[in-house]
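Next comes coords.csv, a file with CSV, C-alpha atoms.
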chain,number,residue,atom,x,y,z
A,7,MET,CA,-7.4,25.7,0.4
A,8,LYS,CA,-8.7,23.1,2.8
A,9,ALA,CA,-6.7,20.1,4.1
A,10,ILE,CA,-6.9,17.4,6.8
A,11,ALA,CA,-4.0,17.6,9.2
A,12,VAL,CA,-2.7,16.3,12.5
A,13,ILE,CA,-0.3,17.5,15.1
A,14,PRO,CA,2.3,14.8,15.1
A,15,GLY,CA,2.7,13.0,18.4
A,16,LYS,CA,-0.7,14.3,19.7
A,17,PRO,CA,-3.3,11.6,19.8
A,18,ASN,CA,-6.6,12.1,18.0
A,19,SER,CA,-5.6,15.5,16.6
A,20,ALA,CA,-7.0,15.2,13.1
A,21,HIS,CA,-8.6,18.5,12.1
A,22,LEU,CA,-9.5,20.7,9.1
A,23,VAL,CA,-7.0,23.4,8.2
A,24,GLU,CA,-6.9,26.3,5.8
A,25,THR,CA,-3.5,26.5,3.9
A,26,PRO,CA,-2.3,28.6,1.0
A,27,ARG,CA,-2.8,27.0,-2.4
A,28,PRO,CA,0.7,25.7,-3.4
A,29,THR,CA,2.7,27.8,-5.9
A,30,LEU,CA,3.7,26.5,-9.3
A,31,HIS,CA,7.4,26.9,-10.2
A,32,ALA,CA,9.5,26.0,-13.1
A,33,GLY,CA,9.8,22.2,-13.4
A,34,THR,CA,6.8,21.5,-11.2
A,35,VAL,CA,3.2,20.4,-11.7
A,36,LEU,CA,0.0,21.6,-10.1
A,37,VAL,CA,-2.4,18.7,-9.4
A,38,LYS,CA,-6.1,18.9,-8.4
A,39,VAL,CA,-6.8,16.0,-6.0
A,40,ILE,CA,-9.7,13.8,-7.0
A,41,ARG,CA,-9.6,11.2,-4.2
A,42,VAL,CA,-7.3,9.9,-1.5
A,43,GLY,CA,-7.2,6.4,0.0
A,44,VAL,CA,-6.6,6.2,3.8
A,45,ASP,CA,-5.4,3.2,5.8
A,46,GLY,CA,-3.8,2.0,9.0
A,47,THR,CA,-0.9,4.3,8.6
A,48,ASP,CA,-3.1,7.4,8.7
A,49,ARG,CA,-4.9,5.9,11.7
A,50,GLU,CA,-1.7,5.3,13.6
A,51,ILE,CA,-0.4,8.8,12.8
A,52,ASN,CA,-3.6,10.3,14.1
A,53,GLU,CA,-3.1,8.1,17.2
A,54,GLY,CA,0.2,9.9,17.7
A,55,LEU,CA,2.3,6.7,17.3
A,56,TYR,CA,4.6,8.3,14.6
A,57,GLY,CA,4.6,11.0,11.9
A,58,ALA,CA,6.7,14.2,11.5
A,59,ALA,CA,5.7,17.6,10.3
A,60,PRO,CA,7.7,19.4,7.6
A,61,ALA,CA,10.5,21.7,8.9
A,62,GLY,CA,9.0,24.9,10.2
A,63,ALA,CA,5.4,23.6,10.4
A,64,ASP,CA,3.5,22.6,13.5
A,65,PHE,CA,1.1,20.2,11.6
A,66,LEU,CA,1.3,17.5,9.0
A,67,VAL,CA,-1.3,17.1,6.2
A,68,LEU,CA,-2.3,13.5,6.0
A,69,GLY,CA,-2.7,11.2,3.0
A,70,HIS,CA,-0.2,9.2,1.0
A,71,GLU,CA,-2.5,7.3,-1.4
A,72,SER,CA,-3.3,9.9,-4.1
A,73,PHE,CA,-5.2,10.2,-7.3
A,74,GLY,CA,-5.6,13.5,-9.2
A,75,ARG,CA,-5.6,15.4,-12.4
A,76,VAL,CA,-3.0,17.8,-13.7
A,77,VAL,CA,-4.2,21.4,-13.7
A,78,GLU,CA,-1.1,23.3,-14.9
A,79,VAL,CA,2.5,22.6,-15.6
A,80,GLY,CA,5.5,25.0,-15.0
A,81,PRO,CA,8.1,25.9,-17.6
A,82,GLY,CA,10.3,23.0,-18.6
A,83,VAL,CA,7.8,20.3,-17.9
A,84,LYS,CA,7.4,18.0,-20.9
A,85,LYS,CA,6.3,14.5,-19.7
A,86,VAL,CA,3.1,15.6,-18.0
A,87,ARG,CA,0.3,17.7,-19.5
A,88,PRO,CA,-2.8,19.4,-18.2
A,89,GLY,CA,-5.7,16.9,-18.1
A,90,ASP,CA,-3.5,13.9,-17.3
A,91,TYR,CA,-4.5,11.6,-14.5
A,92,VAL,CA,-1.7,11.0,-12.1
A,93,VAL,CA,-0.7,9.2,-8.9
A,94,ALA,CA,2.2,10.6,-6.9
A,95,THR,CA,4.8,8.4,-5.2
A,96,VAL,CA,5.3,8.8,-1.5
A,97,ARG,CA,9.0,8.8,-0.6
A,98,ARG,CA,11.5,11.5,-1.5
A,99,PRO,CA,15.2,10.9,-1.6
A,100,ASP,CA,18.1,11.9,0.7
A,101,ASP,CA,21.5,12.1,-0.8
A,102,CYS,CA,22.8,8.5,-0.4
A,103,ILE,CA,24.2,6.4,-3.2
A,104,ASN,CA,20.8,4.6,-3.7
A,105,CYS,CA,18.8,7.8,-3.6
A,106,ARG,CA,21.0,9.4,-6.2
A,107,ALA,CA,20.4,6.3,-8.4
A,108,GLY,CA,16.6,6.6,-8.2
A,109,GLU,CA,16.3,3.8,-5.7
A,110,TYR,CA,15.1,6.1,-2.9
A,111,ASP,CA,13.0,3.4,-1.4
A,112,MET,CA,16.4,1.7,-0.5
A,113,CYS,CA,17.9,4.8,1.3
A,114,ILE,CA,20.9,3.8,3.3
A,115,ALA,CA,20.9,6.7,5.8
A,116,GLY,CA,17.2,6.7,6.5
A,117,ASN,CA,17.0,10.5,6.1
A,118,TYR,CA,14.3,10.4,3.4
A,119,THR,CA,11.0,12.2,3.7
A,120,GLU,CA,7.5,10.8,2.9
A,121,ARG,CA,4.5,12.7,1.9
A,122,GLY,CA,1.8,12.5,4.5
A,123,ILE,CA,4.0,10.6,6.9
A,124,LYS,CA,7.5,12.0,7.5
A,125,GLY,CA,8.6,15.6,6.9
A,126,ARG,CA,6.4,16.5,4.0
A,127,HIS,CA,2.7,17.3,3.7
A,128,GLY,CA,0.5,14.7,2.2
A,129,TYR,CA,-2.4,14.6,-0.3
A,130,LEU,CA,-5.5,15.1,1.7
A,131,SER,CA,-5.8,18.7,0.4
A,132,GLU,CA,-7.5,20.3,-2.6
A,133,PHE,CA,-4.2,20.7,-4.6
A,134,TYR,CA,-0.6,19.8,-4.4
A,135,VAL,CA,2.6,20.7,-6.4
A,136,GLU,CA,5.1,18.1,-7.3
A,137,ALA,CA,8.0,17.5,-9.6
A,138,PRO,CA,7.0,15.3,-12.6
A,139,THR,CA,9.6,12.6,-11.8
A,140,TYR,CA,7.4,11.6,-8.8
A,141,LEU,CA,4.2,11.6,-10.9
A,142,VAL,CA,3.0,8.4,-12.6
A,143,ASN,CA,0.5,8.7,-15.4
A,144,VAL,CA,-2.7,6.6,-15.1
A,145,PRO,CA,-4.8,5.9,-18.2
A,146,PRO,CA,-8.4,7.2,-18.2
A,147,THR,CA,-9.6,3.6,-18.3
A,148,LEU,CA,-8.3,3.2,-14.7
A,149,LYS,CA,-9.5,6.6,-13.3
A,150,GLU,CA,-12.0,4.9,-11.0
A,151,VAL,CA,-9.4,2.6,-9.4
A,152,GLY,CA,-6.2,4.6,-9.8
A,153,VAL,CA,-6.3,5.5,-6.1
A,154,LEU,CA,-5.3,1.8,-5.4
A,155,LEU,CA,-2.0,2.2,-7.1
A,156,GLU,CA,0.1,3.2,-4.1
A,157,PRO,CA,-0.7,0.0,-2.0
A,158,LEU,CA,-0.3,-2.0,-5.2
A,159,SER,CA,3.2,-0.6,-5.7
A,160,ILE,CA,4.2,-2.1,-2.3
A,161,VAL,CA,3.1,-5.5,-3.5
A,162,GLU,CA,4.8,-5.1,-6.8
A,163,LYS,CA,8.0,-4.2,-5.1
A,164,GLY,CA,8.0,-7.2,-2.8
A,165,ILE,CA,7.1,-9.7,-5.5
A,166,MET,CA,9.5,-8.3,-8.2
A,167,GLN,CA,12.3,-8.3,-5.7
A,168,ALA,CA,11.6,-11.9,-4.8
A,169,TYR,CA,11.9,-12.9,-8.4
A,170,LYS,CA,15.1,-10.8,-8.8
A,171,ILE,CA,16.7,-12.4,-5.8
A,172,GLN,CA,15.9,-15.8,-7.1
A,173,GLU,CA,17.7,-15.3,-10.3
A,174,ARG,CA,20.6,-16.9,-8.3
A,175,LEU,CA,19.0,-20.3,-9.1
A,176,VAL,CA,16.5,-22.1,-11.3
A,177,TRP,CA,13.3,-21.0,-9.7
A,178,LYS,CA,9.8,-21.7,-10.9
A,179,PRO,CA,7.4,-21.0,-8.0
A,180,GLN,CA,4.1,-22.8,-8.2
A,181,ARG,CA,2.3,-22.2,-4.9
A,182,ALA,CA,1.9,-19.1,-2.8
A,183,LEU,CA,0.3,-18.2,0.5
A,184,VAL,CA,-1.0,-14.7,1.3
A,185,LEU,CA,-1.5,-13.9,4.9
A,186,GLY,CA,-4.1,-11.1,5.3
A,187,ALA,CA,-7.0,-10.1,3.1
A,188,GLY,CA,-7.0,-6.4,3.5
A,189,THR,CA,-6.1,-4.1,0.6
A,190,VAL,CA,-2.4,-5.2,0.4
A,191,GLY,CA,-3.2,-8.9,0.8
A,192,LEU,CA,-5.9,-8.8,-1.9
A,193,MET,CA,-3.5,-6.9,-4.2
A,194,ALA,CA,-0.8,-9.6,-3.5
A,195,THR,CA,-3.4,-12.3,-4.4
A,196,ILE,CA,-4.1,-10.6,-7.7
A,197,VAL,CA,-0.5,-10.1,-8.7
A,198,LEU,CA,0.5,-13.7,-7.8
A,199,ARG,CA,-2.5,-15.0,-9.7
A,200,LEU,CA,-1.5,-12.9,-12.7
A,201,ARG,CA,1.9,-14.6,-12.5
A,202,GLY,CA,0.2,-18.0,-12.8
A,203,LEU,CA,0.6,-19.3,-9.2
A,204,GLU,CA,-1.8,-21.3,-7.2
A,205,VAL,CA,-2.7,-19.0,-4.4
A,206,PHE,CA,-4.1,-19.5,-0.9
A,207,THR,CA,-5.2,-16.4,0.9
A,208,MET,CA,-5.7,-16.5,4.7
A,209,ALA,CA,-7.5,-14.1,7.0
A,210,ARG,CA,-9.3,-14.5,10.3
A,211,THR,CA,-13.0,-14.3,9.4
A,212,PRO,CA,-14.6,-17.5,8.2
A,213,LYS,CA,-16.7,-17.4,5.0
A,214,PRO,CA,-19.0,-15.9,3.9
A,215,ASN,CA,-17.5,-12.4,3.7
A,216,ARG,CA,-16.7,-9.8,1.1
A,217,HIS,CA,-12.9,-10.5,1.4
A,218,ALA,CA,-13.4,-14.1,0.6
A,219,ASP,CA,-15.6,-13.3,-2.3
A,220,LEU,CA,-12.9,-11.1,-3.8
A,221,VAL,CA,-10.2,-13.7,-3.2
A,222,GLU,CA,-12.2,-16.5,-4.9
A,223,ALA,CA,-13.1,-14.2,-7.8
A,224,THR,CA,-9.5,-14.4,-8.8
A,225,GLY,CA,-9.4,-18.2,-8.7
A,226,ALA,CA,-7.5,-18.2,-5.4
A,227,ARG,CA,-8.6,-20.2,-2.3
A,228,TYR,CA,-9.7,-18.4,0.8
A,229,LEU,CA,-8.8,-19.9,4.2
A,230,SER,CA,-9.8,-18.8,7.7
A,231,SER,CA,-7.2,-18.9,10.5
A,232,ARG,CA,-10.0,-19.5,13.0
A,233,GLU,CA,-10.7,-22.8,11.2
A,234,GLN,CA,-7.1,-23.7,10.4
A,235,PRO,CA,-3.9,-22.1,11.8
A,236,VAL,CA,-0.9,-21.2,9.8
A,237,LEU,CA,1.2,-23.9,11.4
A,238,GLY,CA,0.3,-27.1,9.6
A,239,LEU,CA,-0.8,-25.5,6.4
A,240,ASP,CA,2.2,-27.1,4.6
A,241,GLU,CA,1.0,-30.6,5.7
A,242,THR,CA,-2.4,-30.0,4.2
A,243,TYR,CA,-1.5,-28.1,1.0
A,244,GLY,CA,2.3,-28.6,0.6
A,245,ARG,CA,5.1,-26.2,1.3
A,246,PHE,CA,4.8,-22.7,-0.3
A,247,ASP,CA,7.3,-21.2,-2.7
A,248,ILE,CA,6.2,-17.6,-1.9
A,249,ILE,CA,4.5,-16.3,1.3
A,250,PHE,CA,3.4,-12.7,1.3
A,251,GLU,CA,2.6,-11.5,4.9
A,252,ALA,CA,0.2,-8.6,5.2
A,253,THR,CA,-1.6,-9.0,8.5
A,254,GLY,CA,0.0,-6.4,10.7
A,255,TYR,CA,0.5,-9.1,13.3
A,256,SER,CA,4.2,-9.8,13.7
A,257,PRO,CA,4.1,-13.3,15.3
A,258,LEU,CA,2.7,-14.7,12.0
A,259,ALA,CA,5.9,-13.8,10.3
A,260,PHE,CA,7.7,-16.4,12.4
A,261,GLU,CA,5.0,-18.9,11.9
A,262,ALA,CA,5.3,-18.4,8.2
A,263,MET,CA,9.0,-19.3,8.4
A,264,GLU,CA,7.9,-22.8,9.4
A,265,VAL,CA,5.7,-23.5,6.4
A,266,PHE,CA,7.6,-22.2,3.3
A,267,GLY,CA,9.6,-24.6,1.2
A,268,ASN,CA,13.2,-25.0,0.2
A,269,ASN,CA,14.3,-22.0,-2.0
A,270,GLY,CA,11.2,-20.2,-0.8
A,271,VAL,CA,10.8,-16.5,-0.3
A,272,LEU,CA,8.9,-14.9,2.6
A,273,ILE,CA,7.9,-11.3,1.9
A,274,LEU,CA,7.0,-9.1,4.9
A,275,SER,CA,4.9,-6.0,4.4
A,276,SER,CA,3.5,-5.3,7.8
A,277,VAL,CA,4.8,-2.2,9.7
A,278,THR,CA,4.4,-3.2,13.3
A,279,GLY,CA,4.9,-0.9,16.3
A,280,GLY,CA,4.8,-2.0,19.9
A,281,ASP,CA,6.8,-4.4,22.0
A,282,ARG,CA,5.2,-7.8,21.4
A,283,HIS,CA,7.4,-10.8,22.3
A,284,VAL,CA,7.0,-14.4,21.2
A,285,GLU,CA,8.9,-17.6,21.7
A,286,ILE,CA,10.2,-19.3,18.5
A,287,PRO,CA,12.0,-22.5,17.8
A,288,ALA,CA,15.1,-20.6,17.0
A,289,ASP,CA,17.4,-23.6,16.3
A,290,LYS,CA,14.9,-25.3,14.0
A,291,LEU,CA,14.2,-22.1,12.1
A,292,ASN,CA,17.8,-21.2,11.7
A,293,LEU,CA,18.7,-24.8,10.5
A,294,GLU,CA,15.9,-24.8,7.9
A,295,MET,CA,16.6,-21.3,6.6
A,296,VAL,CA,20.3,-22.2,6.1
A,297,LEU,CA,19.9,-25.7,4.7
A,298,GLY,CA,16.8,-24.8,2.6
A,299,ASN,CA,18.4,-21.6,1.0
A,300,LYS,CA,15.4,-19.6,2.2
A,301,VAL,CA,15.0,-15.8,1.9
A,302,VAL,CA,13.1,-13.2,4.0
A,303,VAL,CA,12.7,-9.8,2.4
A,304,GLY,CA,10.7,-6.7,3.4
A,305,THR,CA,8.7,-4.3,1.3
A,306,VAL,CA,7.5,-0.8,2.0
A,307,ASN,CA,7.1,2.5,0.2
A,308,ALA,CA,8.2,1.9,-3.4
A,309,ASN,CA,9.9,3.9,-6.1
A,310,ARG,CA,8.3,4.8,-9.5
A,311,ARG,CA,9.4,1.6,-11.2
A,312,TYR,CA,7.0,-0.4,-9.1
A,313,PHE,CA,4.2,2.2,-9.6
A,314,GLU,CA,4.6,1.8,-13.3
A,315,ARG,CA,4.5,-2.0,-13.0
A,316,GLY,CA,1.3,-1.6,-11.0
A,317,VAL,CA,-0.4,0.3,-13.8
A,318,VAL,CA,0.4,-2.6,-16.2
A,319,ASP,CA,-1.0,-5.1,-13.7
A,320,MET,CA,-4.1,-3.0,-13.0
A,321,GLN,CA,-4.8,-3.1,-16.7
A,322,ARG,CA,-4.3,-6.8,-16.9
A,323,ALA,CA,-6.5,-7.3,-13.8
A,324,GLU,CA,-9.3,-5.2,-15.4
A,325,GLU,CA,-9.1,-7.3,-18.5
A,326,ARG,CA,-9.1,-10.6,-16.7
A,327,TRP,CA,-11.6,-9.8,-13.9
A,328,PRO,CA,-13.6,-6.8,-15.1
A,329,GLY,CA,-14.9,-4.6,-12.2
A,330,LEU,CA,-13.0,-6.5,-9.5
A,331,LEU,CA,-10.6,-3.7,-8.5
A,332,GLY,CA,-13.6,-1.3,-8.1
A,333,ARG,CA,-15.0,-3.7,-5.5
A,334,PHE,CA,-12.0,-3.0,-3.3
A,335,ILE,CA,-13.3,0.5,-2.6
A,336,THR,CA,-16.0,-0.3,0.1
A,337,HIS,CA,-16.4,3.1,1.8
A,338,ARG,CA,-16.4,6.7,0.5
A,339,VAL,CA,-16.3,9.8,2.5
A,340,GLN,CA,-17.5,12.8,0.6
A,341,GLY,CA,-15.4,15.9,1.1
A,342,LEU,CA,-12.5,17.0,3.4
A,343,GLU,CA,-15.0,18.6,5.8
A,344,ASN,CA,-16.2,15.1,6.8
A,345,TYR,CA,-12.8,14.1,8.3
A,346,GLU,CA,-14.5,12.9,11.5
A,347,GLU,CA,-16.3,10.3,9.5
A,348,MET,CA,-13.0,9.3,7.9
A,349,ILE,CA,-11.5,8.8,11.3
A,350,ARG,CA,-14.6,6.9,12.5
A,351,LEU,CA,-14.4,4.5,9.6
A,352,LEU,CA,-10.6,4.0,10.1
A,353,ASN,CA,-11.1,3.2,13.8
A,354,HIS,CA,-14.3,1.2,13.8
A,355,GLU,CA,-15.3,-0.2,10.4
A,356,LYS,CA,-13.7,-3.6,10.5
A,357,SER,CA,-15.4,-4.7,7.3
A,358,ALA,CA,-13.7,-2.0,5.3
A,359,ILE,CA,-11.3,-2.9,2.6
A,360,LYS,CA,-10.4,0.5,1.1
A,361,ILE,CA,-11.7,3.8,2.5
A,362,VAL,CA,-11.4,6.8,0.2
A,363,VAL,CA,-12.0,10.5,0.6
A,364,GLU,CA,-13.7,12.0,-2.5
A,365,LEU,CA,-12.7,15.5,-3.4
A,366,GLY,CA,-14.3,15.7,-6.8
A,367,ALA,CA,-17.2,17.8,-7.9
A,368,GLY,CA,-20.5,17.1,-6.0
A,369,ALA,CA,-18.8,15.9,-2.8
A,370,GLN,CA,-21.4,17.2,-0.4
A,371,GLU,CA,-22.3,14.5,2.1
A,372,THR,CA,-20.8,11.5,3.7
A,373,THR,CA,-21.8,8.1,2.5
A,374,ALA,CA,-20.6,4.6,3.4
A,375,LYS,CA,-21.0,1.8,1.0
A,376,ARG,CA,-21.4,-1.5,2.7

How does this structure look as structure tokens?
Amino acid sequence: MKAIAVIPGKPNSAHLVETPRPTLHAGTVLVKVIRVGVDGTDREINEGLYGAAPAGADFLVLGHESFGRVVEVGPGVKKVRPGDYVVATVRRPDDCINCRAGEYDMCIAGNYTERGIKGRHGYLSEFYVEAPTYLVNVPPTLKEVGVLLEPLSIVEKGIMQAYKIQERLVWKPQRALVLGAGTVGLMATIVLRLRGLEVFTMARTPKPNRHADLVEATGARYLSSREQPVLGLDETYGRFDIIFEATGYSPLAFEAMEVFGNNGVLILSSVTGGDRHVEIPADKLNLEMVLGNKVVVGTVNANRRYFERGVVDMQRAEERWPGLLGRFITHRVQGLENYEEMIRLLNHEKSAIKIVVELGAGAQETTAKR
């Protein structure tokens, strides 16, 4: 079968490979891939910045945002049936206390693996085999947008943990700031609006643009950092109870610390490589964090609980804003053979929100919806 792979550590090594179709065993499930979302993680792995091949392999199949349909189940599988639509989680556990408890996104030792990223092949292939415990059922009503579930799970994890942490006090957040209007930032906007918060979502590009249109369709307010910086937002709009940072630009995390309110939570979701340095008002930040009972928490690859919550919120979003999630998918690459077009879009299409590779029937040529 065909797959898109890289040689980890070698820049710009994405290529098409032929690999054996995976073998179904007892307790496993064979899934036909329908579409896969790609993002900055895939771009950075192709740039050679990180990524690790499975043991004994000299390449890594890319793709961690999956959507597919069950073809066959092995003996002993009861919770998943042929014909089911599924999304697979990304991280696989080590043997630490959290991993054994199903909280493998909180691995203590860091010896986990991740499909399409670290030590396990990903989903940019025609088929994959997986244990049902890592498969999340998606109702047919969400089959056109189910590929968005993996990035949504990261948002669900961060926001659910913020509420869990704040069970330590009486906490009724009213106002939220989302930094970044890419896929994760837009998902955070939706989840926070579903929770009833007043939401301000900030990105660089001034209106009009498609990101702003999607933000405002939820009833949130779109702000441009070119017109108004993060510092000072609290003076204009009041201090924020929740800030969700999803820009990929680490200095904004420290600016955000200056504009969130007492008992506030700052959620960081950007994975930032490099060696960028900034000066910060350390004493002031430390004092305000301590006296204001403020919290900073990170969120990254999630366990199935957050995927399941994402399915619920996807359904709620479709009911409240019909068709909105589908507008997140702005570019489609038809077929694995067109991997060079996928890479071109990842590297150069700044207007993209979500790029997906279509593997379904009829994928014959590359198109880009703009």

(message) So that I can see what lies close to stretch 324-334 of chain A, please list as a PyMOL selection string the residues with an atom at most 7 Å from it, counting only C-alpha atoms and leaving out residues fewer than 4 positions away in the same chain.
(response) chain A and resi 151+320+359-360

(request) Choose the residue, out of A:Gly191, A:Gly46, A:Gly128, A:Pro26, that has the smallest atom-to-atom separation from A:Glu355; count all atoms listed in the file. (result) A:Gly46

(request) Considering all atoms listed in the file, return as a PyMOL selection string whatever protein or nucleic-acid residues lie within 6 Å of A:Val37, sequence-local ones (same chain, fewer than 3 positions apart) excluded. (result) chain A and resi 75-77+133-134

(request) Kindly indicate which residue among A:Val96, A:Leu237, A:Val284, A:Leu175 lies nearest to A:Asn307, using all atoms listed in the file for the distances. (result) A:Val96

(request) Grab the atom CA of A:Arg232 to atom CA of A:Glu251 distance for me, in Å with one decimal place. (result)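 Spanning atom CA of A:Arg232 to atom CA of A:Glu251 is a straight-line distance of 17.0 Å.
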
(message) For A:Thr278, find every residue with an atom within 10 Å (counting all atoms listed in the file), except residues of its own chain fewer than 3 positions away, and show them as a ChimeraX atom specification.
(response) /A:253-256,275,281-282

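Using only C-alpha atoms for every distance, the candidate list A:Ala262, A:Thr195, A:Ala182, A:Met112 yields A:Thr195 as the residue closest to A:Leu220.
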
List as an mmCIF file with C-alpha atoms, in the frame of the given file the residues having at least one atom at most 12 Å from position (-2.2, 2.0, -0.9) as given in the file, counting only C-alpha atoms.
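Output (part.cif):
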data_model
loop_
_atom_site.group_PDB
_atom_site.id
_atom_site.type_symbol
_atom_site.label_atom_id
_atom_site.label_comp_id
_atom_site.auth_asym_id
_atom_site.auth_seq_id
_atom_site.Cartn_x
_atom_site.Cartn_y
_atom_site.Cartn_z
ATOM 1 C CA VAL A 42 -7.300 9.900 -1.500
ATOM 2 C CA GLY A 43 -7.200 6.400 0.000
ATOM 3 C CA VAL A 44 -6.600 6.200 3.800
ATOM 4 C CA ASP A 45 -5.400 3.200 5.800
ATOM 5 C CA GLY A 46 -3.800 2.000 9.000
ATOM 6 C CA THR A 47 -0.900 4.300 8.600
ATOM 7 C CA ASP A 48 -3.100 7.400 8.700
ATOM 8 C CA GLY A 69 -2.700 11.200 3.000
ATOM 9 C CA HIS A 70 -0.200 9.200 1.000
ATOM 10 C CA GLU A 71 -2.500 7.300 -1.400
ATOM 11 C CA SER A 72 -3.300 9.900 -4.100
ATOM 12 C CA PHE A 73 -5.200 10.200 -7.300
ATOM 13 C CA VAL A 93 -0.700 9.200 -8.900
ATOM 14 C CA ALA A 94 2.200 10.600 -6.900
ATOM 15 C CA THR A 95 4.800 8.400 -5.200
ATOM 16 C CA VAL A 96 5.300 8.800 -1.500
ATOM 17 C CA VAL A 151 -9.400 2.600 -9.400
ATOM 18 C CA GLY A 152 -6.200 4.600 -9.800
ATOM 19 C CA VAL A 153 -6.300 5.500 -6.100
ATOM 20 C CA LEU A 154 -5.300 1.800 -5.400
ATOM 21 C CA LEU A 155 -2.000 2.200 -7.100
ATOM 22 C CA GLU A 156 0.100 3.200 -4.100
ATOM 23 C CA PRO A 157 -0.700 0.000 -2.000
ATOM 24 C CA LEU A 158 -0.300 -2.000 -5.200
ATOM 25 C CA SER A 159 3.200 -0.600 -5.700
ATOM 26 C CA ILE A 160 4.200 -2.100 -2.300
ATOM 27 C CA VAL A 161 3.100 -5.500 -3.500
ATOM 28 C CA GLU A 162 4.800 -5.100 -6.800
ATOM 29 C CA GLY A 188 -7.000 -6.400 3.500
ATOM 30 C CA THR A 189 -6.100 -4.100 0.600
ATOM 31 C CA VAL A 190 -2.400 -5.200 0.400
ATOM 32 C CA GLY A 191 -3.200 -8.900 0.800
ATOM 33 C CA LEU A 192 -5.900 -8.800 -1.900
ATOM 34 C CA MET A 193 -3.500 -6.900 -4.200
ATOM 35 C CA ALA A 194 -0.800 -9.600 -3.500
ATOM 36 C CA SER A 275 4.900 -6.000 4.400
ATOM 37 C CA VAL A 306 7.500 -0.800 2.000
ATOM 38 C CA ASN A 307 7.100 2.500 0.200
ATOM 39 C CA ALA A 308 8.200 1.900 -3.400
ATOM 40 C CA PHE A 313 4.200 2.200 -9.600
ATOM 41 C CA GLY A 316 1.300 -1.600 -11.000
ATOM 42 C CA PHE A 334 -12.000 -3.000 -3.300
ATOM 43 C CA ILE A 335 -13.300 0.500 -2.600
ATOM 44 C CA ILE A 359 -11.300 -2.900 2.600
ATOM 45 C CA LYS A 360 -10.400 0.500 1.100
ATOM 46 C CA ILE A 361 -11.700 3.800 2.500
ATOM 47 C CA VAL A 362 -11.400 6.800 0.200
#

(request) Between atom CA of A:Val221 and atom CA of A:Val144, measure the distance and give it in Å to one decimal. (result) 24.7 Å

(message) Calculated over all atoms listed in the file, which of the candidates A:Lys38, A:Lys170, A:Arg210, A:Arg181 has the smallest distance to A:Leu130?
(response) A:Lys38

(message) Please compute the atom CA of A:Gly298-atom CA of A:Asn269 distance, one decimal, in Å.
(response)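 Answer for the atom CA of A:Gly298 to atom CA of A:Asn269 separation: 5.9 Å.
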
(request) Find, counting only C-alpha atoms, the residue in A:Gly225, A:Gly116, A:Gly82, A:Gly270 that gets nearest to A:Cys102. (result)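 Residue with the minimum atom-to-atom distance to A:Cys102: A:Gly116.
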
Enclose all atoms of stretch 288-304 of chain A listed in the file in an axis-aligned box, grow every side by 6 Å, and hand back centre and edge lengths in Å to one decimal, as AutoDock Vina command-line options.
--center_x 15.5 --center_y -16.2 --center_z 9.0 --size_x 21.6 --size_y 31.0 --size_z 28.0

(request) Place a sphere of radius 6 Å on (-9.8, 20.0, 1.3) in the file coordinates and name every protein, DNA or RNA residue with an atom inside or on its surface, counting all atoms listed in the file; give the answer as an MDAnalysis selection string. (result) chainID A and resid 8:9 131:132 342
